[in-house]
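Coordinates as given in data_36.cif (mmCIF, C-alpha atoms):
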```cif
data_work
#
loop_
_atom_site.label_atom_id
_atom_site.label_comp_id
_atom_site.auth_asym_id
_atom_site.auth_seq_id
_atom_site.Cartn_x
_atom_site.Cartn_y
_atom_site.Cartn_z
CA MET A 261 16.00 64.93 41.76
CA SER A 262 15.88 66.83 45.02
CA ALA A 263 16.25 65.35 48.47
CA LEU A 264 13.19 65.40 50.68
CA LEU A 265 13.26 67.40 53.85
CA HIS A 266 13.46 65.19 56.91
CA GLN A 267 10.02 64.03 58.01
CA ASP A 268 9.40 61.89 61.05
CA GLY A 269 8.22 58.42 60.12
CA VAL A 270 9.20 58.71 56.45
CA GLU A 271 11.81 56.49 54.81
CA PRO A 272 15.24 58.20 54.83
CA GLY A 273 16.68 58.84 51.38
CA LEU A 274 13.41 59.38 49.54
CA GLN A 275 13.65 61.95 46.77
CA VAL A 276 11.20 63.79 44.55
CA ALA A 277 11.92 62.65 41.00
CA PHE A 278 9.16 64.73 39.38
CA ASP A 279 7.09 67.26 41.29
CA GLU A 280 4.12 67.81 38.94
CA PRO A 281 1.18 66.05 40.63
CA MET A 282 -0.56 63.37 38.59
CA ILE A 283 -4.27 62.70 38.90
CA VAL A 284 -3.64 58.96 38.93
CA GLY A 285 0.04 58.27 38.23
CA GLU A 286 0.54 54.60 37.31
CA SER A 287 2.57 51.97 35.46
CA PRO A 288 6.15 53.27 35.81
CA LEU A 289 8.42 51.49 33.32
CA TRP A 290 12.18 51.80 32.95
CA HIS A 291 13.33 52.01 29.31
CA SER A 292 16.93 50.79 29.44
CA LEU A 293 17.68 51.76 25.80
CA GLU A 294 16.64 55.37 26.37
CA HIS A 295 17.78 55.52 30.02
CA CYS A 296 14.38 57.01 30.78
CA LEU A 297 11.37 56.31 32.94
CA TYR A 298 7.92 56.22 31.36
CA TRP A 299 4.66 56.29 33.29
CA VAL A 300 1.01 57.21 32.74
CA ASP A 301 -1.49 59.58 34.30
CA ILE A 302 -4.68 57.59 33.76
CA ASP A 303 -7.29 60.26 34.35
CA GLY A 304 -4.97 62.88 32.85
CA PHE A 305 -4.99 60.95 29.51
CA ALA A 306 -1.19 61.30 29.41
CA ILE A 307 2.03 59.35 28.94
CA HIS A 308 5.08 60.88 30.61
CA ARG A 309 8.81 60.35 30.07
CA LEU A 310 11.61 61.51 32.36
CA HIS A 311 15.36 61.36 31.73
CA PRO A 312 16.56 61.34 35.36
CA GLU A 313 20.16 62.41 34.68
CA SER A 314 19.24 65.55 32.75
CA GLY A 315 15.80 66.15 34.20
CA ALA A 316 14.35 66.36 30.66
CA HIS A 317 10.63 65.61 30.66
CA LYS A 318 8.09 65.10 27.89
CA LYS A 319 4.37 64.42 27.89
CA TRP A 320 2.00 63.05 25.26
CA THR A 321 -1.82 63.04 25.20
CA ALA A 322 -3.38 59.61 24.71
CA PRO A 323 -6.58 58.97 22.70
CA SER A 324 -8.26 57.43 25.77
CA GLU A 325 -7.15 56.66 29.32
CA PRO A 326 -3.75 54.92 29.26
CA THR A 327 -3.40 52.45 32.11
CA ALA A 328 -0.47 50.08 31.55
CA LEU A 329 2.76 50.10 29.57
CA GLY A 330 5.08 47.45 28.20
CA LEU A 331 8.25 47.53 26.14
CA CYS A 332 8.43 46.33 22.53
CA GLU A 333 11.53 44.83 20.92
CA ASP A 334 12.08 47.87 18.70
CA GLY A 335 12.00 50.31 21.61
CA THR A 336 8.41 51.47 21.13
CA LEU A 337 5.80 50.85 23.82
CA VAL A 338 2.68 48.70 23.95
CA VAL A 339 -0.08 50.58 25.76
CA ALA A 340 -3.35 49.43 27.29
CA LEU A 341 -5.99 52.14 26.74
CA ARG A 342 -9.65 52.18 27.73
CA ASP A 343 -10.62 51.44 24.13
CA GLY A 344 -7.98 48.80 23.39
CA PHE A 345 -4.30 48.07 22.84
CA ALA A 346 -1.98 50.29 20.84
CA ARG A 347 1.68 50.67 19.99
CA PHE A 348 3.12 54.05 20.96
CA ASN A 349 6.12 55.57 19.19
CA SER A 350 7.60 58.37 21.30
CA ALA A 351 9.69 59.64 18.38
CA SER A 352 6.61 60.39 16.29
CA GLY A 353 4.07 60.65 19.09
CA LEU A 354 1.77 58.30 17.16
CA PHE A 355 -0.52 55.60 18.58
CA THR A 356 -1.06 52.64 16.25
CA PRO A 357 -4.08 50.47 17.20
CA LEU A 358 -3.34 46.79 17.83
CA ALA A 359 -6.62 45.39 19.16
CA VAL A 360 -9.96 46.76 20.33
CA ALA A 361 -11.09 46.44 23.95
CA PRO A 362 -12.93 43.12 24.49
CA TYR A 363 -15.42 44.59 27.01
CA ASP A 364 -18.03 47.32 27.38
CA THR A 365 -15.99 50.52 27.66
CA ALA A 366 -18.93 52.29 29.32
CA THR A 367 -18.52 50.21 32.48
CA ALA A 368 -14.93 48.96 32.40
CA ARG A 369 -11.41 49.92 31.45
CA PHE A 370 -8.03 48.25 31.45
CA ASN A 371 -5.98 48.73 34.59
CA ASP A 372 -2.74 47.11 35.73
CA GLY A 373 -0.56 45.07 33.34
CA ARG A 374 2.80 43.45 32.66
CA VAL A 375 4.62 41.48 29.95
CA ASP A 376 5.54 37.89 30.84
CA ALA A 377 8.80 36.07 30.04
CA ALA A 378 7.37 34.75 26.75
CA GLY A 379 6.39 38.21 25.47
CA ARG A 380 2.66 38.18 26.27
CA PHE A 381 1.06 41.37 27.64
CA TRP A 382 -1.27 40.57 30.56
CA VAL A 383 -3.70 43.34 31.55
CA GLY A 384 -6.60 43.15 33.97
CA THR A 385 -9.62 45.42 34.06
CA MET A 386 -11.45 47.61 36.54
CA TYR A 387 -15.23 47.25 36.75
CA GLU A 388 -16.08 50.89 37.39
CA PRO A 389 -19.55 50.62 38.99
CA LYS A 390 -17.78 48.57 41.71
CA ASP A 391 -21.07 46.94 42.68
CA ALA A 392 -20.08 43.47 41.48
CA ARG A 393 -16.96 41.42 40.87
CA LYS A 394 -17.05 41.65 37.10
CA ALA A 395 -13.45 42.54 36.25
CA ALA A 396 -11.45 40.24 33.98
CA MET A 397 -7.89 39.37 33.00
CA TYR A 398 -6.91 39.55 29.32
CA VAL A 399 -3.79 38.58 27.42
CA LEU A 400 -2.48 40.25 24.27
CA GLU A 401 -0.45 37.56 22.51
CA ARG A 402 1.04 38.35 19.10
CA GLY A 403 -1.79 40.74 18.29
CA ALA A 404 -4.65 38.50 19.45
CA VAL A 405 -6.60 39.04 22.68
CA ARG A 406 -7.89 36.22 24.86
CA CYS A 407 -9.59 36.18 28.25
CA ALA A 408 -7.58 34.35 30.92
CA TRP A 409 -10.39 34.57 33.49
CA GLU A 410 -13.32 36.78 34.35
CA GLY A 411 -15.19 37.54 37.55
CA GLY A 412 -14.11 37.13 41.15
CA MET A 413 -12.56 40.60 41.29
CA THR A 414 -13.48 44.25 40.92
CA THR A 415 -10.15 46.01 40.32
CA SER A 416 -7.34 43.91 38.86
CA ASN A 417 -3.96 45.00 40.24
CA GLY A 418 -0.61 43.90 41.65
CA LEU A 419 0.38 41.91 38.57
CA ALA A 420 3.94 40.55 38.66
CA PHE A 421 5.82 37.35 37.86
CA SER A 422 8.19 35.53 40.18
CA ALA A 423 11.89 35.69 39.33
CA ASP A 424 11.91 31.98 38.42
CA GLY A 425 8.82 32.40 36.23
CA ARG A 426 6.83 29.77 38.12
CA TYR A 427 4.22 32.09 39.63
CA MET A 428 2.00 35.01 38.75
CA TYR A 429 1.10 37.40 41.55
CA HIS A 430 -2.21 39.25 41.38
CA ALA A 431 -4.25 41.54 43.65
CA ASP A 432 -7.90 42.52 43.79
CA THR A 433 -7.61 45.94 45.42
CA PRO A 434 -11.12 46.30 46.96
CA SER A 435 -10.86 42.79 48.44
CA HIS A 436 -7.57 43.68 50.19
CA ARG A 437 -6.05 40.43 48.97
CA ILE A 438 -3.06 39.21 46.95
CA ASP A 439 -3.11 35.76 45.37
CA ARG A 440 -0.55 33.87 43.37
CA TYR A 441 -1.01 31.31 40.64
CA ARG A 442 1.16 28.54 39.31
CA PHE A 443 2.24 29.75 35.90
CA ASP A 444 3.49 27.87 32.84
CA VAL A 445 5.58 30.28 30.78
CA ALA A 446 5.61 28.09 27.67
CA SER A 447 1.81 27.77 27.40
CA GLY A 448 0.70 30.84 29.31
CA GLU A 449 -1.66 28.68 31.38
CA LEU A 450 -2.44 29.37 35.04
CA GLY A 451 -3.04 26.98 37.91
CA ALA A 452 -5.40 27.52 40.83
CA ALA A 453 -5.12 30.64 42.97
CA GLU A 454 -3.52 30.36 46.40
CA ALA A 455 -3.57 33.01 49.11
CA PHE A 456 -0.41 35.09 49.39
CA GLN A 457 -1.47 38.06 51.55
CA ARG A 458 -4.68 39.24 53.18
CA PHE A 459 -5.01 42.72 54.69
CA ASP A 460 -7.50 44.20 57.14
CA ALA A 461 -10.33 45.79 55.16
CA ASP A 462 -11.72 47.87 58.04
CA LYS A 463 -10.88 51.41 56.96
CA SER A 464 -12.10 52.79 60.28
CA ALA A 465 -9.58 50.77 62.26
CA PRO A 466 -6.76 52.87 63.80
CA GLY A 467 -4.07 50.69 62.24
CA TYR A 468 -5.59 50.49 58.75
CA GLY A 469 -2.69 50.01 56.35
CA GLY A 470 -4.21 50.48 52.92
CA ARG A 471 -5.15 48.30 49.93
CA PRO A 472 -2.79 46.45 47.56
CA ASP A 473 -2.26 48.32 44.30
CA GLY A 474 0.62 47.98 41.78
CA ALA A 475 3.61 45.73 42.33
CA ALA A 476 7.06 44.62 41.15
CA VAL A 477 9.44 41.72 41.80
CA ASP A 478 13.15 42.33 42.45
CA SER A 479 16.19 40.22 41.50
CA GLU A 480 15.97 38.23 44.75
CA GLY A 481 12.40 37.26 43.95
CA ALA A 482 10.86 39.52 46.60
CA TYR A 483 7.44 40.98 45.84
CA TRP A 484 6.97 44.72 46.37
CA VAL A 485 3.46 46.16 46.60
CA ALA A 486 2.16 49.73 46.90
CA MET A 487 -0.49 50.07 49.61
CA PHE A 488 -3.04 52.59 48.33
CA GLU A 489 -4.34 54.82 51.14
CA GLY A 490 -1.73 53.23 53.39
CA SER A 491 1.23 55.62 52.82
CA ARG A 492 3.64 52.72 52.42
CA LEU A 493 5.28 50.06 50.30
CA LEU A 494 5.73 46.49 51.50
CA ARG A 495 8.35 43.93 50.45
CA PHE A 496 7.61 40.21 50.95
CA ASP A 497 9.74 37.16 50.29
CA ALA A 498 8.39 34.26 48.24
CA SER A 499 6.95 32.60 51.35
CA GLY A 500 4.95 35.72 52.21
CA ALA A 501 7.14 36.87 55.10
CA LEU A 502 7.40 40.67 55.43
CA LEU A 503 10.95 41.84 54.76
CA ARG A 504 10.58 45.61 54.69
CA GLU A 505 8.14 48.48 55.06
CA VAL A 506 8.84 51.81 53.34
CA LYS A 507 6.82 54.69 54.78
CA LEU A 508 5.97 57.46 52.32
CA PRO A 509 5.07 61.18 52.56
CA LEU A 510 1.89 60.62 50.54
CA ARG A 511 -1.24 58.58 51.17
CA CYS A 512 -1.88 56.86 47.86
CA PRO A 513 1.12 55.18 46.22
CA THR A 514 0.03 53.26 43.14
CA MET A 515 2.97 51.29 41.73
CA MET A 516 6.75 51.06 41.58
CA ALA A 517 9.47 50.19 39.05
CA PHE A 518 13.20 49.61 39.27
CA GLY A 519 15.36 51.87 37.12
CA GLY A 520 18.72 53.49 36.64
CA ALA A 521 21.82 51.89 35.13
CA ASP A 522 22.07 49.45 38.05
CA LEU A 523 18.30 48.98 38.48
CA ARG A 524 18.64 50.06 42.11
CA THR A 525 16.47 53.17 41.95
CA LEU A 526 12.90 52.43 42.93
CA TYR A 527 10.51 54.85 41.23
CA ILE A 528 7.11 55.26 42.91
CA THR A 529 4.00 56.70 41.26
CA SER A 530 1.02 58.02 43.19
CA ALA A 531 -2.47 59.50 42.96
CA GLY A 532 -3.16 62.98 44.19
CA ALA A 533 -4.33 65.86 42.05
CA ARG A 534 -8.02 65.06 42.61
CA ARG A 535 -7.75 63.54 46.05
CA PRO A 536 -9.67 65.29 48.88
CA LEU A 537 -8.32 68.73 49.81
CA GLU A 538 -7.64 67.64 53.38
CA GLU A 539 -5.46 64.81 52.12
CA ARG A 540 -3.55 67.01 49.67
CA THR A 541 -2.96 69.59 52.40
CA ARG A 542 -1.59 66.98 54.77
CA TYR A 543 0.39 65.23 52.01
CA PRO A 544 1.52 67.97 49.58
CA LEU A 545 3.54 65.45 47.53
CA SER A 546 0.41 63.49 46.62
CA GLY A 547 0.49 62.63 42.92
CA CYS A 548 4.24 63.23 42.56
CA LEU A 549 6.85 60.75 41.38
CA LEU A 550 9.24 59.65 44.15
CA ALA A 551 12.53 57.76 44.01
CA LEU A 552 14.45 55.67 46.52
CA ARG A 553 17.81 53.94 46.24
CA VAL A 554 17.54 50.30 47.34
CA GLU A 555 20.13 47.60 48.04
CA VAL A 556 18.61 44.82 45.93
CA PRO A 557 18.26 45.66 42.21
CA GLY A 558 15.24 44.94 40.11
CA ARG A 559 15.09 43.09 36.81
CA LEU A 560 14.80 44.30 33.22
CA GLU A 561 11.29 44.00 31.86
CA THR A 562 10.63 41.53 29.06
CA ALA A 563 9.58 42.93 25.68
CA TYR A 564 6.19 42.27 24.15
CA LEU A 565 6.46 40.14 21.01
CA PRO A 566 4.10 41.25 18.20
#
```

Is it possible to express this structure as structure tokens?
Amino acid sequence: MSALLHQDGVEPGLQVAFDEPMIVGESPLWHSLEHCLYWVDIDGFAIHRLHPESGAHKKWTAPSEPTALGLCEDGTLVVALRDGFARFNSASGLFTPLAVAPYDTATARFNDGRVDAAGRFWVGTMYEPKDARKAAMYVLERGAVRCAWEGGMTTSNGLAFSADGRYMYHADTPSHRIDRYRFDVASGELGAAEAFQRFDADKSAPGYGGRPDGAAVDSEGAYWVAMFEGSRLLRFDASGALLREVKLPLRCPTMMAFGGADLRTLYITSAGARRPLEERTRYPLSGCLLALRVEVPGRLETAYLP
């Protein structure tokens, strides 16, 4: 990693972890057995792996757009693709289908996802016409897919579970809102949604701060969220109070993950390679992978149970 040059208004200590711009970098995932970071480039149809200590990087082409990653007990990955779920073996480079997509792939694709404490893989969808709230939340549980809810959102995002396992956080990006649900780990059942954060949706406003995208929860139970088009990350405590703002040298952060041996390196993916030229000129690191050392460590991700 290389240190960033000093930029006014940007968080001190930010580094460039990988400087090849992604089209839509997403779903960073720390693999503690391999000491590597995985992430996807959705529109680039690619899965990436970086070994931060050596700088070794590898890339694989996916059969359709990969959108979310989870760990499996044997060290392989579970991947949400446009056309369904698959297991990915980085040693062989093979994708083994697990379940077909339960929606019309002409108008929707999987988007953000995470494995819960009981080993279920939760993945929401994006309704691509964006003219109606027709996205849905699905759960892959031991090879079977069920719908947790459908409608009421357009782009499912911000999925994370509280440190005590009692809540699920979830964002609908176009609505500029984050909700949380009571969550029963044993049954996988959700309670009613309650408001967690609401953001100004007026993009023409001088102080517009972006839309909630991907998220993560640290070991203190604080919820981190990437603010797409807002050039920042936000950290909230469980009551919703703002604890920290991290200003970034790019406009469209997408998600973050905690990694490194001590889980104190925050890796940040972003979108950029197909963003408007004016934006890429102003923010030349758009689409790159950034890293920031933080005081509070993250938590190891739970493995999906087949």

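If you look at CA of Gly481 (chain A) and CA of Val554 (chain A), they are 14.4 Å away from each other.
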
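Evaluated against this file, the PyMOL selection byres ((chain A and resi 473) around 8) yields Asn417, Gly418, Ala431, Thr433, Arg471, Pro472, Gly474, Ala475, Val485, Ala486, Met487, Phe488, Pro513, Thr514 and Met515 of chain A.
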
Selected residues written out, C-alpha atoms, as a PDB file, keeping the file's coordinate frame:
```pdb
ATOM      1  CA  ASN A 417      -3.960  45.000  40.240  1.00  0.00           C
ATOM      2  CA  GLY A 418      -0.610  43.900  41.650  1.00  0.00           C
ATOM      3  CA  ALA A 431      -4.250  41.540  43.650  1.00  0.00           C
ATOM      4  CA  THR A 433      -7.610  45.940  45.420  1.00  0.00           C
ATOM      5  CA  ARG A 471      -5.150  48.300  49.930  1.00  0.00           C
ATOM      6  CA  PRO A 472      -2.790  46.450  47.560  1.00  0.00           C
ATOM      7  CA  GLY A 474       0.620  47.980  41.780  1.00  0.00           C
ATOM      8  CA  ALA A 475       3.610  45.730  42.330  1.00  0.00           C
ATOM      9  CA  VAL A 485       3.460  46.160  46.600  1.00  0.00           C
ATOM     10  CA  ALA A 486       2.160  49.730  46.900  1.00  0.00           C
ATOM     11  CA  MET A 487      -0.490  50.070  49.610  1.00  0.00           C
ATOM     12  CA  PHE A 488      -3.040  52.590  48.330  1.00  0.00           C
ATOM     13  CA  PRO A 513       1.120  55.180  46.220  1.00  0.00           C
ATOM     14  CA  THR A 514       0.030  53.260  43.140  1.00  0.00           C
ATOM     15  CA  MET A 515       2.970  51.290  41.730  1.00  0.00           C
TER      16      MET A 515
END
```

**Study point:** Neighbours of point (1.9, 55.2, 44.8) within 9 Å, using only C-alpha atoms, written as JSON, numbers by chain
**Key:** {"A": [284, 285, 286, 473, 474, 486, 487, 488, 489, 491, 492, 493, 508, 510, 511, 512, 513, 514, 515, 516, 528, 529, 530, 531, 546, 547, 548, 549, 550]}

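Atom pair CA of Ala498 (chain A) / CA of Asp444 (chain A) has a distance of 17.4 Å (rounded to one decimal).
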
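Residue selection for this entry, given the PyMOL selection byres ((chain A and resi 333) around 7), comprises A:Leu331, A:Cys332, A:Asp334, A:Gly335, A:Ala563, A:Tyr564, A:Leu565.
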
Polymer residues at most 12 Å from Tyr298 (chain A), only C-alpha atoms, same-chain spacing of 6 or more positions, as an mmCIF file with C-alpha atoms, in the frame of the given file:
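The result, written out as result-v5.cif:
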```
data_model
loop_
_atom_site.group_PDB
_atom_site.id
_atom_site.type_symbol
_atom_site.label_atom_id
_atom_site.label_comp_id
_atom_site.auth_asym_id
_atom_site.auth_seq_id
_atom_site.Cartn_x
_atom_site.Cartn_y
_atom_site.Cartn_z
ATOM 1 C CA PHE A 278 9.160 64.730 39.380
ATOM 2 C CA GLY A 285 0.040 58.270 38.230
ATOM 3 C CA GLU A 286 0.540 54.600 37.310
ATOM 4 C CA SER A 287 2.570 51.970 35.460
ATOM 5 C CA PRO A 288 6.150 53.270 35.810
ATOM 6 C CA LEU A 289 8.420 51.490 33.320
ATOM 7 C CA TRP A 290 12.180 51.800 32.950
ATOM 8 C CA HIS A 291 13.330 52.010 29.310
ATOM 9 C CA SER A 292 16.930 50.790 29.440
ATOM 10 C CA ALA A 306 -1.190 61.300 29.410
ATOM 11 C CA ILE A 307 2.030 59.350 28.940
ATOM 12 C CA HIS A 308 5.080 60.880 30.610
ATOM 13 C CA ARG A 309 8.810 60.350 30.070
ATOM 14 C CA LEU A 310 11.610 61.510 32.360
ATOM 15 C CA HIS A 311 15.360 61.360 31.730
ATOM 16 C CA PRO A 312 16.560 61.340 35.360
ATOM 17 C CA HIS A 317 10.630 65.610 30.660
ATOM 18 C CA LYS A 318 8.090 65.100 27.890
ATOM 19 C CA LYS A 319 4.370 64.420 27.890
ATOM 20 C CA TRP A 320 2.000 63.050 25.260
ATOM 21 C CA PRO A 326 -3.750 54.920 29.260
ATOM 22 C CA THR A 327 -3.400 52.450 32.110
ATOM 23 C CA ALA A 328 -0.470 50.080 31.550
ATOM 24 C CA LEU A 329 2.760 50.100 29.570
ATOM 25 C CA GLY A 330 5.080 47.450 28.200
ATOM 26 C CA LEU A 331 8.250 47.530 26.140
ATOM 27 C CA THR A 336 8.410 51.470 21.130
ATOM 28 C CA LEU A 337 5.800 50.850 23.820
ATOM 29 C CA VAL A 338 2.680 48.700 23.950
ATOM 30 C CA VAL A 339 -0.080 50.580 25.760
ATOM 31 C CA PHE A 348 3.120 54.050 20.960
ATOM 32 C CA SER A 350 7.600 58.370 21.300
ATOM 33 C CA MET A 516 6.750 51.060 41.580
ATOM 34 C CA ALA A 517 9.470 50.190 39.050
ATOM 35 C CA PHE A 518 13.200 49.610 39.270
ATOM 36 C CA GLY A 519 15.360 51.870 37.120
ATOM 37 C CA TYR A 527 10.510 54.850 41.230
ATOM 38 C CA ILE A 528 7.110 55.260 42.910
ATOM 39 C CA THR A 529 4.000 56.700 41.260
ATOM 40 C CA LEU A 549 6.850 60.750 41.380
#
```

Practice item. Provide the CA of Phe459 (chain A) to CA of Glu388 (chain A) distance in Å, to one decimal place. Key: 22.1 Å

Review point. Quick one: residues within 8 Å of Leu523 (chain A), all atoms listed in the file counted, chain neighbours fewer than 2 positions away excluded, as a VMD selection string?
Key: chain A and resid 518 to 521 525 to 526 557 to 560

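Residues matched by the PyMOL selection byres ((chain A and resi 439) around 9) in this file are Met428, Tyr429, His430, Ala431, Asp432, Arg437, Ile438, Arg440, Tyr441, Ala453, Glu454, Ala455, Phe456, Gln457 and Arg458 of chain A.
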
Point to revise | Nearest to Asp478 (chain A) by atom-to-atom distance, counting only C-alpha atoms, from A:Ser435, A:Gln275, A:Thr414, A:Ser422 | key: A:Ser422

Check your understanding: So which one's closest to Ala423 (chain A), A:His295, A:Tyr363, A:Pro509, A:Ser479? Using all atoms listed in the file, please.
Key -> A:Ser479

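The smallest atom-to-atom distance between Ala408 (chain A) and any of A:Gly500, A:Gly451, A:Pro357, A:Gly344, using all atoms listed in the file, is found for A:Gly451.
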